[in-house]
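Note: the block below is query.pdb and it holds PDB, C-alpha atoms and all ligand atoms.
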```
ATOM      1  CA  MET A   3      64.143  75.270  76.341
ATOM      2  CA  LYS A   4      67.559  74.123  75.183
ATOM      3  CA  LYS A   5      67.570  76.896  72.599
ATOM      4  CA  SER A   6      66.680  79.668  75.051
ATOM      5  CA  MET A   7      69.412  78.464  77.421
ATOM      6  CA  HIS A   8      71.828  78.712  74.527
ATOM      7  CA  THR A   9      70.617  82.233  73.689
ATOM      8  CA  LEU A  10      70.983  83.242  77.338
ATOM      9  CA  VAL A  11      74.572  81.985  77.532
ATOM     10  CA  ALA A  12      75.455  83.688  74.224
ATOM     11  CA  GLY A  13      73.898  86.923  75.522
ATOM     12  CA  LEU A  14      75.854  86.694  78.760
ATOM     13  CA  ILE A  15      79.116  86.150  76.893
ATOM     14  CA  ALA A  16      78.395  89.123  74.598
ATOM     15  CA  ALA A  17      77.583  91.332  77.597
ATOM     16  CA  LEU A  18      80.760  90.232  79.347
ATOM     17  CA  MET A  19      82.867  90.908  76.257
ATOM     18  CA  SER A  20      81.427  94.373  75.760
ATOM     19  CA  SER A  21      81.893  95.229  79.449
ATOM     20  CA  VAL A  22      85.536  94.157  79.171
ATOM     21  CA  ALA A  23      85.993  96.410  76.147
ATOM     22  CA  PHE A  24      84.056  99.195  77.813
ATOM     23  CA  ALA A  25      86.211  99.019  80.944
ATOM     24  CA  TYR A  26      89.375  99.505  78.889
ATOM     25  CA  PRO A  27      91.536 101.263  79.903
ATOM     26  CA  ASP A  28      91.216 100.898  83.663
ATOM     27  CA  LYS A  29      94.877 101.635  84.411
ATOM     28  CA  PRO A  30      97.610 103.792  82.830
ATOM     29  CA  VAL A  31      98.593 103.081  79.222
ATOM     30  CA  THR A  32     102.236 103.259  78.104
ATOM     31  CA  ILE A  33     103.364 104.619  74.743
ATOM     32  CA  ILE A  34     106.862 103.541  73.743
ATOM     33  CA  VAL A  35     108.795 106.256  71.904
ATOM     34  CA  PRO A  36     111.856 104.707  70.240
ATOM     35  CA  PHE A  37     113.938 107.905  70.661
ATOM     36  CA  ALA A  38     115.134 110.212  73.444
ATOM     37  CA  ALA A  39     112.805 112.563  75.320
ATOM     38  CA  GLY A  40     112.361 116.051  73.919
ATOM     39  CA  GLY A  41     112.815 115.120  70.222
ATOM     40  CA  PRO A  42     110.252 115.136  67.406
ATOM     41  CA  THR A  43     108.845 111.645  67.983
ATOM     42  CA  ASP A  44     108.626 112.250  71.721
ATOM     43  CA  LYS A  45     106.872 115.591  71.199
ATOM     44  CA  VAL A  46     104.186 114.215  68.905
ATOM     45  CA  ALA A  47     103.633 111.213  71.205
ATOM     46  CA  ARG A  48     103.196 113.450  74.271
ATOM     47  CA  ASP A  49     100.796 115.831  72.508
ATOM     48  CA  LEU A  50      98.854 112.914  71.052
ATOM     49  CA  ALA A  51      98.668 111.205  74.463
ATOM     50  CA  GLU A  52      97.166 114.361  75.947
ATOM     51  CA  ALA A  53      94.537 114.526  73.186
ATOM     52  CA  MET A  54      93.767 110.783  73.205
ATOM     53  CA  ARG A  55      93.380 110.279  76.927
ATOM     54  CA  LYS A  56      90.213 112.397  76.942
ATOM     55  CA  HIS A  57      88.701 109.585  74.854
ATOM     56  CA  LEU A  58      90.215 106.771  76.954
ATOM     57  CA  ASN A  59      88.463 107.210  80.303
ATOM     58  CA  ASN A  60      90.881 110.063  81.101
ATOM     59  CA  GLN A  61      93.525 107.498  81.936
ATOM     60  CA  THR A  62      97.124 108.581  82.372
ATOM     61  CA  ILE A  63      99.324 107.834  79.359
ATOM     62  CA  VAL A  64     102.959 107.300  80.275
ATOM     63  CA  ILE A  65     105.745 107.810  77.706
ATOM     64  CA  ASP A  66     108.553 105.247  77.777
ATOM     65  CA  ASN A  67     111.606 106.545  75.836
ATOM     66  CA  VAL A  68     113.552 103.581  74.465
ATOM     67  CA  GLY A  69     116.182 105.172  72.213
ATOM     68  CA  GLY A  70     119.007 103.435  70.370
ATOM     69  CA  ALA A  71     119.751 101.576  67.125
ATOM     70  CA  GLY A  72     117.725 104.010  65.019
ATOM     71  CA  GLY A  73     114.477 103.212  66.822
ATOM     72  CA  THR A  74     114.655  99.431  66.379
ATOM     73  CA  LEU A  75     115.164  98.755  70.122
ATOM     74  CA  GLY A  76     111.914 100.537  70.955
ATOM     75  CA  VAL A  77     109.978  98.773  68.186
ATOM     76  CA  ASN A  78     111.244  95.424  69.440
ATOM     77  CA  LYS A  79     110.141  96.218  72.993
ATOM     78  CA  ALA A  80     106.668  97.180  71.746
ATOM     79  CA  ALA A  81     106.371  94.119  69.477
ATOM     80  CA  LYS A  82     107.197  91.819  72.414
ATOM     81  CA  ALA A  83     104.958  93.570  74.982
ATOM     82  CA  PRO A  84     101.723  91.934  76.207
ATOM     83  CA  ALA A  85      98.998  92.457  73.592
ATOM     84  CA  ASP A  86      96.490  93.886  76.052
ATOM     85  CA  GLY A  87      96.160  97.488  74.916
ATOM     86  CA  TYR A  88      98.366  98.825  77.713
ATOM     87  CA  THR A  89     101.532  99.152  75.599
ATOM     88  CA  LEU A  90     101.483 101.144  72.358
ATOM     89  CA  LEU A  91     104.149 102.569  70.066
ATOM     90  CA  VAL A  92     104.528 105.880  68.232
ATOM     91  CA  HIS A  93     107.134 105.707  65.492
ATOM     92  CA  HIS A  94     108.094 107.504  62.315
ATOM     93  CA  ALA A  95     109.132 106.533  58.785
ATOM     94  CA  GLY A  96     112.113 104.685  60.257
ATOM     95  CA  LEU A  97     109.748 101.756  60.720
ATOM     96  CA  ALA A  98     109.797 101.423  56.918
ATOM     97  CA  THR A  99     113.499 102.126  56.330
ATOM     98  CA  ALA A 100     114.866  99.734  58.980
ATOM     99  CA  PRO A 101     114.055  96.527  57.020
ATOM    100  CA  ALA A 102     116.482  97.614  54.270
ATOM    101  CA  LEU A 103     119.113  98.897  56.702
ATOM    102  CA  TYR A 104     119.356  95.992  59.126
ATOM    103  CA  ARG A 105     120.400  92.593  57.862
ATOM    104  CA  SER A 106     118.457  91.014  60.700
ATOM    105  CA  LEU A 107     115.757  92.705  62.732
ATOM    106  CA  PRO A 108     114.504  91.053  65.945
ATOM    107  CA  TYR A 109     110.874  91.668  64.869
ATOM    108  CA  LYS A 110     108.793  91.385  61.681
ATOM    109  CA  THR A 111     107.588  94.872  60.780
ATOM    110  CA  LEU A 112     104.352  93.923  59.037
ATOM    111  CA  GLU A 113     103.513  90.839  61.116
ATOM    112  CA  ASP A 114     104.364  91.715  64.721
ATOM    113  CA  LEU A 115     102.428  94.961  65.020
ATOM    114  CA  GLU A 116      98.816  96.089  64.799
ATOM    115  CA  PHE A 117      98.501  99.257  62.710
ATOM    116  CA  LEU A 118      96.230 101.770  64.425
ATOM    117  CA  GLY A 119      96.413 104.744  62.058
ATOM    118  CA  MET A 120      98.769 107.509  61.034
ATOM    119  CA  ILE A 121      99.248 110.762  62.899
ATOM    120  CA  ASN A 122     101.122 113.463  60.967
ATOM    121  CA  ASP A 123     103.370 114.349  58.053
ATOM    122  CA  VAL A 124     106.424 116.400  59.004
ATOM    123  CA  PRO A 125     108.863 118.222  56.701
ATOM    124  CA  MET A 126     112.546 118.201  57.545
ATOM    125  CA  THR A 127     115.149 120.961  57.534
ATOM    126  CA  ILE A 128     118.867 121.013  56.772
ATOM    127  CA  VAL A 129     120.406 122.791  59.744
ATOM    128  CA  GLY A 130     123.919 123.596  60.949
ATOM    129  CA  ARG A 131     125.888 124.686  64.014
ATOM    130  CA  PRO A 132     125.707 128.421  64.774
ATOM    131  CA  SER A 133     129.453 128.938  64.173
ATOM    132  CA  LEU A 134     129.310 127.629  60.562
ATOM    133  CA  PRO A 135     130.657 130.304  58.199
ATOM    134  CA  ALA A 136     127.846 129.609  55.661
ATOM    135  CA  ASN A 137     124.598 131.575  55.741
ATOM    136  CA  ASN A 138     122.698 130.062  52.817
ATOM    137  CA  MET A 139     122.714 126.878  50.743
ATOM    138  CA  ALA A 140     125.136 128.231  48.114
ATOM    139  CA  GLU A 141     127.640 129.147  50.836
ATOM    140  CA  LEU A 142     127.051 125.816  52.557
ATOM    141  CA  ARG A 143     127.937 123.944  49.347
ATOM    142  CA  THR A 144     131.129 125.951  49.010
ATOM    143  CA  TRP A 145     132.017 125.209  52.647
ATOM    144  CA  ILE A 146     131.225 121.494  52.219
ATOM    145  CA  ASN A 147     133.417 121.262  49.120
ATOM    146  CA  ALA A 148     136.261 123.019  50.907
ATOM    147  CA  ASN A 149     136.055 120.750  53.959
ATOM    148  CA  LYS A 150     135.686 117.257  52.473
ATOM    149  CA  GLY A 151     136.701 114.543  54.914
ATOM    150  CA  LYS A 152     136.269 116.815  57.958
ATOM    151  CA  ILE A 153     132.497 117.260  58.137
ATOM    152  CA  ASN A 154     130.268 115.444  60.571
ATOM    153  CA  LEU A 155     126.535 114.953  60.497
ATOM    154  CA  ALA A 156     124.420 114.158  63.570
ATOM    155  CA  ASN A 157     121.567 111.673  63.452
ATOM    156  CA  ALA A 158     119.405 109.479  65.681
ATOM    157  CA  GLY A 159     121.055 106.237  64.541
ATOM    158  CA  LEU A 160     120.883 104.029  61.482
ATOM    159  CA  GLY A 161     117.269 103.873  60.390
ATOM    160  CA  ALA A 162     116.129 107.146  61.934
ATOM    161  CA  ALA A 163     114.550 109.811  59.743
ATOM    162  CA  SER A 164     117.575 112.042  60.322
ATOM    163  CA  HIS A 165     119.770 109.218  59.043
ATOM    164  CA  LEU A 166     117.680 108.757  55.904
ATOM    165  CA  CYS A 167     117.588 112.483  55.149
ATOM    166  CA  GLY A 168     121.318 112.797  55.879
ATOM    167  CA  LEU A 169     122.002 109.954  53.477
ATOM    168  CA  LEU A 170     120.042 111.672  50.700
ATOM    169  CA  PHE A 171     121.745 114.987  51.497
ATOM    170  CA  GLN A 172     125.224 113.436  51.196
ATOM    171  CA  GLN A 173     124.193 111.913  47.860
ATOM    172  CA  ALA A 174     122.848 115.292  46.704
ATOM    173  CA  VAL A 175     126.067 117.189  47.490
ATOM    174  CA  ALA A 176     128.186 114.175  46.478
ATOM    175  CA  VAL A 177     130.310 114.427  49.617
ATOM    176  CA  ASP A 178     130.608 111.724  52.296
ATOM    177  CA  MET A 179     130.355 112.879  55.885
ATOM    178  CA  ALA A 180     131.090 111.157  59.192
ATOM    179  CA  THR A 181     127.799 110.395  60.910
ATOM    180  CA  ILE A 182     127.458 110.757  64.675
ATOM    181  CA  PRO A 183     124.583 108.641  66.066
ATOM    182  CA  TYR A 184     122.554 109.753  69.111
ATOM    183  CA  LYS A 185     119.595 108.139  70.893
ATOM    184  CA  GLY A 186     117.366 110.785  69.376
ATOM    185  CA  THR A 187     117.693 114.194  67.818
ATOM    186  CA  ALA A 188     116.977 116.042  71.086
ATOM    187  CA  PRO A 189     120.509 115.285  72.415
ATOM    188  CA  ALA A 190     121.878 115.817  68.890
ATOM    189  CA  MET A 191     120.297 119.276  68.849
ATOM    190  CA  THR A 192     122.008 120.130  72.155
ATOM    191  CA  ASP A 193     125.382 119.288  70.586
ATOM    192  CA  LEU A 194     124.564 121.158  67.379
ATOM    193  CA  MET A 195     123.699 124.323  69.315
ATOM    194  CA  ALA A 196     126.976 123.934  71.250
ATOM    195  CA  ASN A 197     129.004 123.682  67.994
ATOM    196  CA  GLN A 198     129.973 120.058  68.759
ATOM    197  CA  VAL A 199     128.672 118.735  65.415
ATOM    198  CA  ASP A 200     128.412 120.442  62.019
ATOM    199  CA  LEU A 201     125.144 119.508  60.356
ATOM    200  CA  MET A 202     121.867 117.664  60.820
ATOM    201  CA  CYS A 203     118.652 117.045  58.922
ATOM    202  CA  ASP A 204     115.741 116.911  61.329
ATOM    203  CA  GLN A 205     111.995 117.357  61.538
ATOM    204  CA  THR A 206     110.655 120.910  61.804
ATOM    205  CA  THR A 207     108.992 119.879  65.071
ATOM    206  CA  ASN A 208     112.500 119.855  66.587
ATOM    207  CA  THR A 209     114.120 122.679  64.640
ATOM    208  CA  SER A 210     111.589 125.487  64.120
ATOM    209  CA  GLY A 211     112.025 126.983  67.624
ATOM    210  CA  GLN A 212     115.831 127.012  67.391
ATOM    211  CA  ILE A 213     115.718 128.399  63.839
ATOM    212  CA  GLU A 214     113.387 131.184  64.937
ATOM    213  CA  SER A 215     115.542 132.128  67.911
ATOM    214  CA  GLY A 216     118.737 132.021  65.816
ATOM    215  CA  LYS A 217     120.355 129.273  67.923
ATOM    216  CA  ILE A 218     121.212 127.237  64.817
ATOM    217  CA  LYS A 219     121.609 127.975  61.111
ATOM    218  CA  ALA A 220     118.985 126.731  58.648
ATOM    219  CA  PHE A 221     119.599 126.190  54.951
ATOM    220  CA  ALA A 222     116.582 124.507  53.335
ATOM    221  CA  VAL A 223     113.376 122.537  53.784
ATOM    222  CA  THR A 224     113.105 119.059  52.303
ATOM    223  CA  THR A 225     109.565 119.326  50.886
ATOM    224  CA  PRO A 226     108.853 120.220  47.228
ATOM    225  CA  LYS A 227     107.036 123.412  48.331
ATOM    226  CA  ARG A 228     108.059 126.105  50.813
ATOM    227  CA  LEU A 229     106.331 125.953  54.192
ATOM    228  CA  THR A 230     103.810 128.475  55.449
ATOM    229  CA  THR A 231     104.767 128.284  59.151
ATOM    230  CA  PRO A 232     106.086 131.832  59.894
ATOM    231  CA  ALA A 233     109.448 130.649  61.338
ATOM    232  CA  LEU A 234     110.152 128.546  58.239
ATOM    233  CA  ALA A 235     108.494 130.398  55.337
ATOM    234  CA  LYS A 236     111.699 132.165  54.300
ATOM    235  CA  LEU A 237     113.650 128.912  53.881
ATOM    236  CA  PRO A 238     114.136 127.752  50.271
ATOM    237  CA  THR A 239     113.312 124.181  49.301
ATOM    238  CA  MET A 240     116.132 121.762  48.460
ATOM    239  CA  ASP A 241     114.633 121.559  44.984
ATOM    240  CA  GLU A 242     114.926 125.307  44.357
ATOM    241  CA  SER A 243     118.438 125.222  45.880
ATOM    242  CA  GLY A 244     119.592 123.123  42.946
ATOM    243  CA  PHE A 245     118.837 119.604  44.221
ATOM    244  CA  LYS A 246     116.084 118.766  41.743
ATOM    245  CA  GLY A 247     113.432 116.370  42.997
ATOM    246  CA  PHE A 248     114.756 116.232  46.599
ATOM    247  CA  ASN A 249     111.704 115.334  48.662
ATOM    248  CA  VAL A 250     111.613 113.881  52.173
ATOM    249  CA  THR A 251     108.529 114.066  54.359
ATOM    250  CA  ILE A 252     108.461 112.066  57.550
ATOM    251  CA  TRP A 253     105.255 110.541  58.875
ATOM    252  CA  HIS A 254     104.355 109.186  62.307
ATOM    253  CA  GLY A 255     101.967 106.353  63.147
ATOM    254  CA  LEU A 256     100.445 104.588  66.156
ATOM    255  CA  TYR A 257     100.889 100.838  66.747
ATOM    256  CA  ALA A 258     100.047  98.068  69.217
ATOM    257  CA  PRO A 259     101.531  94.593  69.661
ATOM    258  CA  LYS A 260     100.079  91.958  67.311
ATOM    259  CA  GLY A 261      97.107  90.155  68.828
ATOM    260  CA  THR A 262      95.672  93.079  70.790
ATOM    261  CA  PRO A 263      91.898  92.344  71.057
ATOM    262  CA  LYS A 264      89.795  93.866  68.276
ATOM    263  CA  PRO A 265      87.425  95.829  70.584
ATOM    264  CA  ILE A 266      90.473  97.540  72.115
ATOM    265  CA  LEU A 267      91.971  98.259  68.688
ATOM    266  CA  ASP A 268      88.656  99.796  67.611
ATOM    267  CA  GLN A 269      88.544 101.913  70.750
ATOM    268  CA  LEU A 270      92.127 103.107  70.219
ATOM    269  CA  ASN A 271      91.464 103.926  66.575
ATOM    270  CA  ALA A 272      88.370 105.946  67.566
ATOM    271  CA  ALA A 273      90.407 107.793  70.223
ATOM    272  CA  LEU A 274      93.144 108.486  67.644
ATOM    273  CA  LYS A 275      90.626 109.847  65.132
ATOM    274  CA  ALA A 276      89.112 112.110  67.794
ATOM    275  CA  ALA A 277      92.578 113.325  68.853
ATOM    276  CA  LEU A 278      93.488 114.216  65.269
ATOM    277  CA  LYS A 279      90.467 116.540  65.187
ATOM    278  CA  ASP A 280      91.265 118.095  68.578
ATOM    279  CA  PRO A 281      91.791 121.830  67.862
ATOM    280  CA  GLU A 282      94.543 122.132  70.516
ATOM    281  CA  PHE A 283      96.493 119.214  69.044
ATOM    282  CA  VAL A 284      96.072 120.487  65.475
ATOM    283  CA  LYS A 285      97.194 124.003  66.492
ATOM    284  CA  ARG A 286     100.333 122.718  68.236
ATOM    285  CA  GLU A 287     101.293 120.536  65.286
ATOM    286  CA  GLU A 288     100.748 123.293  62.726
ATOM    287  CA  ALA A 289     102.812 125.779  64.724
ATOM    288  CA  LEU A 290     105.743 123.339  64.463
ATOM    289  CA  GLY A 291     105.354 122.855  60.699
ATOM    290  CA  ALA A 292     103.627 119.442  60.871
ATOM    291  CA  VAL A 293     100.424 118.510  59.037
ATOM    292  CA  VAL A 294      97.904 116.409  60.957
ATOM    293  CA  ILE A 295      96.662 113.470  58.895
ATOM    294  CA  ASN A 296      92.924 113.267  58.426
ATOM    295  CA  ASP A 297      92.663 111.131  55.299
ATOM    296  CA  ASN A 298      92.092 107.380  54.908
ATOM    297  CA  ARG A 299      95.581 106.616  56.312
ATOM    298  CA  VAL A 300      94.001 107.001  59.752
ATOM    299  CA  ASN A 301      92.339 103.642  59.053
ATOM    300  CA  PRO A 302      94.395 100.596  60.116
ATOM    301  CA  ALA A 303      94.265  98.751  56.769
ATOM    302  CA  GLU A 304      95.295 101.849  54.781
ATOM    303  CA  HIS A 305      98.010 102.641  57.328
ATOM    304  CA  LYS A 306      99.482  99.164  56.871
ATOM    305  CA  LYS A 307      99.276  99.471  53.058
ATOM    306  CA  PHE A 308     101.047 102.836  53.244
ATOM    307  CA  VAL A 309     103.885 101.373  55.347
ATOM    308  CA  GLU A 310     104.223  98.466  52.895
ATOM    309  CA  ALA A 311     104.524 100.970  50.040
ATOM    310  CA  GLU A 312     107.122 102.982  51.992
ATOM    311  CA  ILE A 313     109.195  99.827  52.594
ATOM    312  CA  ALA A 314     109.105  99.184  48.832
ATOM    313  CA  LYS A 315     109.948 102.842  48.086
ATOM    314  CA  TRP A 316     112.970 103.286  50.372
ATOM    315  CA  GLY A 317     114.470  99.793  50.135
ATOM    316  CA  PRO A 318     116.152 100.154  46.725
ATOM    317  CA  ALA A 319     117.506 103.676  47.466
ATOM    318  CA  ILE A 320     119.012 102.503  50.760
ATOM    319  CA  LYS A 321     120.464  99.348  49.263
ATOM    320  CA  ALA A 322     121.963 101.383  46.418
ATOM    321  CA  ALA A 323     123.663 103.588  49.019
ATOM    322  CA  GLY A 324     125.198 100.418  50.524
ATOM    323  CA  GLN A 325     124.219 101.278  54.097
ATOM    324  CA  TYR A 326     123.811  98.332  56.460
ATOM    325  CA  ALA A 327     123.812  97.481  60.125
ATOM    326  CA  ASP A 328     123.747  93.961  61.460
TER     327      ASP A 328
HETATM  328  N1  LIG B   1     113.676 112.955  64.711
HETATM  329  C1  LIG B   1     114.606 111.954  65.004
HETATM  330  C2  LIG B   1     115.001 111.281  63.750
HETATM  331  O1  LIG B   1     114.181 110.987  62.994
HETATM  332  C3  LIG B   1     114.207 110.954  66.005
HETATM  333  C4  LIG B   1     113.735 111.567  67.261
HETATM  334  O2  LIG B   1     114.567 111.884  68.109
HETATM  335  O3  LIG B   1     112.543 111.711  67.397
HETATM  336  O4  LIG B   1     116.116 111.022  63.536
END
```
Translate this structure into structure tokens?
Amino acid sequence: MKKSMHTLVAGLIAALMSSVAFAYPDKPVTIIVPFAAGGPTDKVARDLAEAMRKHLNNQTIVIDNVGGAGGTLGVNKAAKAPADGYTLLVHHAGLATAPALYRSLPYKTLEDLEFLGMINDVPMTIVGRPSLPANNMAELRTWINANKGKINLANAGLGAASHLCGLLFQQAVAVDMATIPYKGTAPAMTDLMANQVDLMCDQTTNTSGQIESGKIKAFAVTTPKRLTTPALAKLPTMDESGFKGFNVTIWHGLYAPKGTPKPILDQLNAALKAALKDPEFVKREEALGAVVINDNRVNPAEHKKFVEAEIAKWGPAIKAAGQYAD
């Protein structure tokens, strides 16, 4: 009698738990994007939200743009949000470069977040204002050498992908440039098109349209191989432009605050996996030069391991460059 009562209570609890998980989400979910609206991180988050919501009771997914400090403000907001599945974060490789760049971060990268899986790999492009006199990488190098001390380089703040790529680019050409930080590369792109800044290195998801329509100049892609996307196929790689071994690919991932209940994490991971196979999502990403991830990095444990490896990979290079924020 005692035993069957116990079984009944356990059954009731299990049923209650699964109905709680099943009911999730029963109100809109917010995804924090740690950069301005209209940029590469924002674009992938919005497209992903559209693909994921079909697998999350068709709930609305709201994007909250929290730009500033190279993405660290947005990460901090996500890390401190209630761990109930209603606040998520989409971020790029900056999550792994920030620990080396900031002497003190208000959050612990590997401890304060749940890793839900990775989304895409995105090449970057070295681009310039339309009025630049250079039309290819050789001419750009000549122009850079002739204008030392006067060149500026836009980025999305210390720790952003554009900052990292810009840092490697300055090392490659052995010329220091003044960096101009924005809250994201969408506003930086506006200034680049208006000839307000000279150069930028940014994801193809933000540059391919402007390159195709001739609104900016493009000099190289940062991947070891040329891209196949029609708008970008004619661009040489940095490696073939004389910068041997230059290789920057930026990845994006999905996160939740630490302590989000496991059934919700499982549901979000399943929705992410389904979204990454959504033909519409895949088509949009490919058209912008991005590659949707469908390997084991879509699993939370592998995602976390990958980020740990990226922290170890970029740390020494960043420290050697002597770049710090407080
Ligand atoms: N693509 C930008 C960067 O990495 C950030 C953004 O605006 O999405 O610098």
To test your reading of the syntax: which residues would the PyMOL selection byres (((chain A and resi 104) around 12) and not hetatm) return for the file shown? Reply as a CSV table (one decimal) with C-alpha atoms, keeping the file's coordinate frame.
```csv
chain,number,residue,atom,x,y,z
A,71,ALA,CA,119.8,101.6,67.1
A,72,GLY,CA,117.7,104.0,65.0
A,73,GLY,CA,114.5,103.2,66.8
A,74,THR,CA,114.7,99.4,66.4
A,96,GLY,CA,112.1,104.7,60.3
A,97,LEU,CA,109.7,101.8,60.7
A,98,ALA,CA,109.8,101.4,56.9
A,99,THR,CA,113.5,102.1,56.3
A,100,ALA,CA,114.9,99.7,59.0
A,101,PRO,CA,114.1,96.5,57.0
A,102,ALA,CA,116.5,97.6,54.3
A,103,LEU,CA,119.1,98.9,56.7
A,105,ARG,CA,120.4,92.6,57.9
A,106,SER,CA,118.5,91.0,60.7
A,107,LEU,CA,115.8,92.7,62.7
A,108,PRO,CA,114.5,91.1,65.9
A,109,TYR,CA,110.9,91.7,64.9
A,110,LYS,CA,108.8,91.4,61.7
A,111,THR,CA,107.6,94.9,60.8
A,159,GLY,CA,121.1,106.2,64.5
A,160,LEU,CA,120.9,104.0,61.5
A,161,GLY,CA,117.3,103.9,60.4
A,162,ALA,CA,116.1,107.1,61.9
A,317,GLY,CA,114.5,99.8,50.1
A,320,ILE,CA,119.0,102.5,50.8
A,321,LYS,CA,120.5,99.3,49.3
A,324,GLY,CA,125.2,100.4,50.5
A,325,GLN,CA,124.2,101.3,54.1
A,326,TYR,CA,123.8,98.3,56.5
A,327,ALA,CA,123.8,97.5,60.1
A,328,ASP,CA,123.7,94.0,61.5
```
How would you write, as a PDB file with C-alpha atoms, in the coordinates of the input, the residues chosen by the PyMOL selection byres (((not hetatm)) within 6 of (chain B and resi 1)) on this structure?
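And here is the file that came out, selection-v6.pdb:
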```pdb
ATOM      1  CA  PHE A  37     113.938 107.905  70.661  1.00  0.00           C
ATOM      2  CA  ALA A  38     115.134 110.212  73.444  1.00  0.00           C
ATOM      3  CA  GLY A  41     112.815 115.120  70.222  1.00  0.00           C
ATOM      4  CA  PRO A  42     110.252 115.136  67.406  1.00  0.00           C
ATOM      5  CA  THR A  43     108.845 111.645  67.983  1.00  0.00           C
ATOM      6  CA  ASP A  44     108.626 112.250  71.721  1.00  0.00           C
ATOM      7  CA  ASN A 157     121.567 111.673  63.452  1.00  0.00           C
ATOM      8  CA  ALA A 158     119.405 109.479  65.681  1.00  0.00           C
ATOM      9  CA  ALA A 162     116.129 107.146  61.934  1.00  0.00           C
ATOM     10  CA  ALA A 163     114.550 109.811  59.743  1.00  0.00           C
ATOM     11  CA  SER A 164     117.575 112.042  60.322  1.00  0.00           C
ATOM     12  CA  GLY A 186     117.366 110.785  69.376  1.00  0.00           C
ATOM     13  CA  THR A 187     117.693 114.194  67.818  1.00  0.00           C
ATOM     14  CA  ALA A 188     116.977 116.042  71.086  1.00  0.00           C
ATOM     15  CA  ASP A 204     115.741 116.911  61.329  1.00  0.00           C
ATOM     16  CA  GLN A 205     111.995 117.357  61.538  1.00  0.00           C
TER      17      GLN A 205
END
```
Inset, instruction - Could you tell me how far CA of Leu155 (chain A) lies from CA of Gly130 (chain A), in Å and to one decimal? - result: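 Atom-to-atom, CA of Leu155 (chain A) to CA of Gly130 (chain A), that is 9.0 Å.
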Legend entry - Surrounding residues of Arg228 (chain A) excluding itself and chain neighbours under 4 positions, 8 Å, only C-alpha atoms, as a list in words: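 So the residues in contact are Val223, Ala235, Lys236, Leu237, Pro238 and Thr239 of chain A.
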Inset, instruction - Find the residues around Glu214 (chain A) up to 12 Å (all atoms listed in the file counted), leave out those fewer than 5 positions away in its own chain, and share them as a list in words. - result: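 The contact residues come out as Thr206, Asn208, Thr209, Lys219, Ala220, Thr231, Pro232, Ala233, Leu234, Ala235, Lys236, Leu237, Ala289 and Leu290 of chain A.
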Inset, instruction - Select, from A:Ile295, A:Ile252, A:Ala311, A:Leu142, the residue with the minimum atom-to-atom distance to Leu166 (chain A), counting all atoms listed in the file. - result: A:Ile252
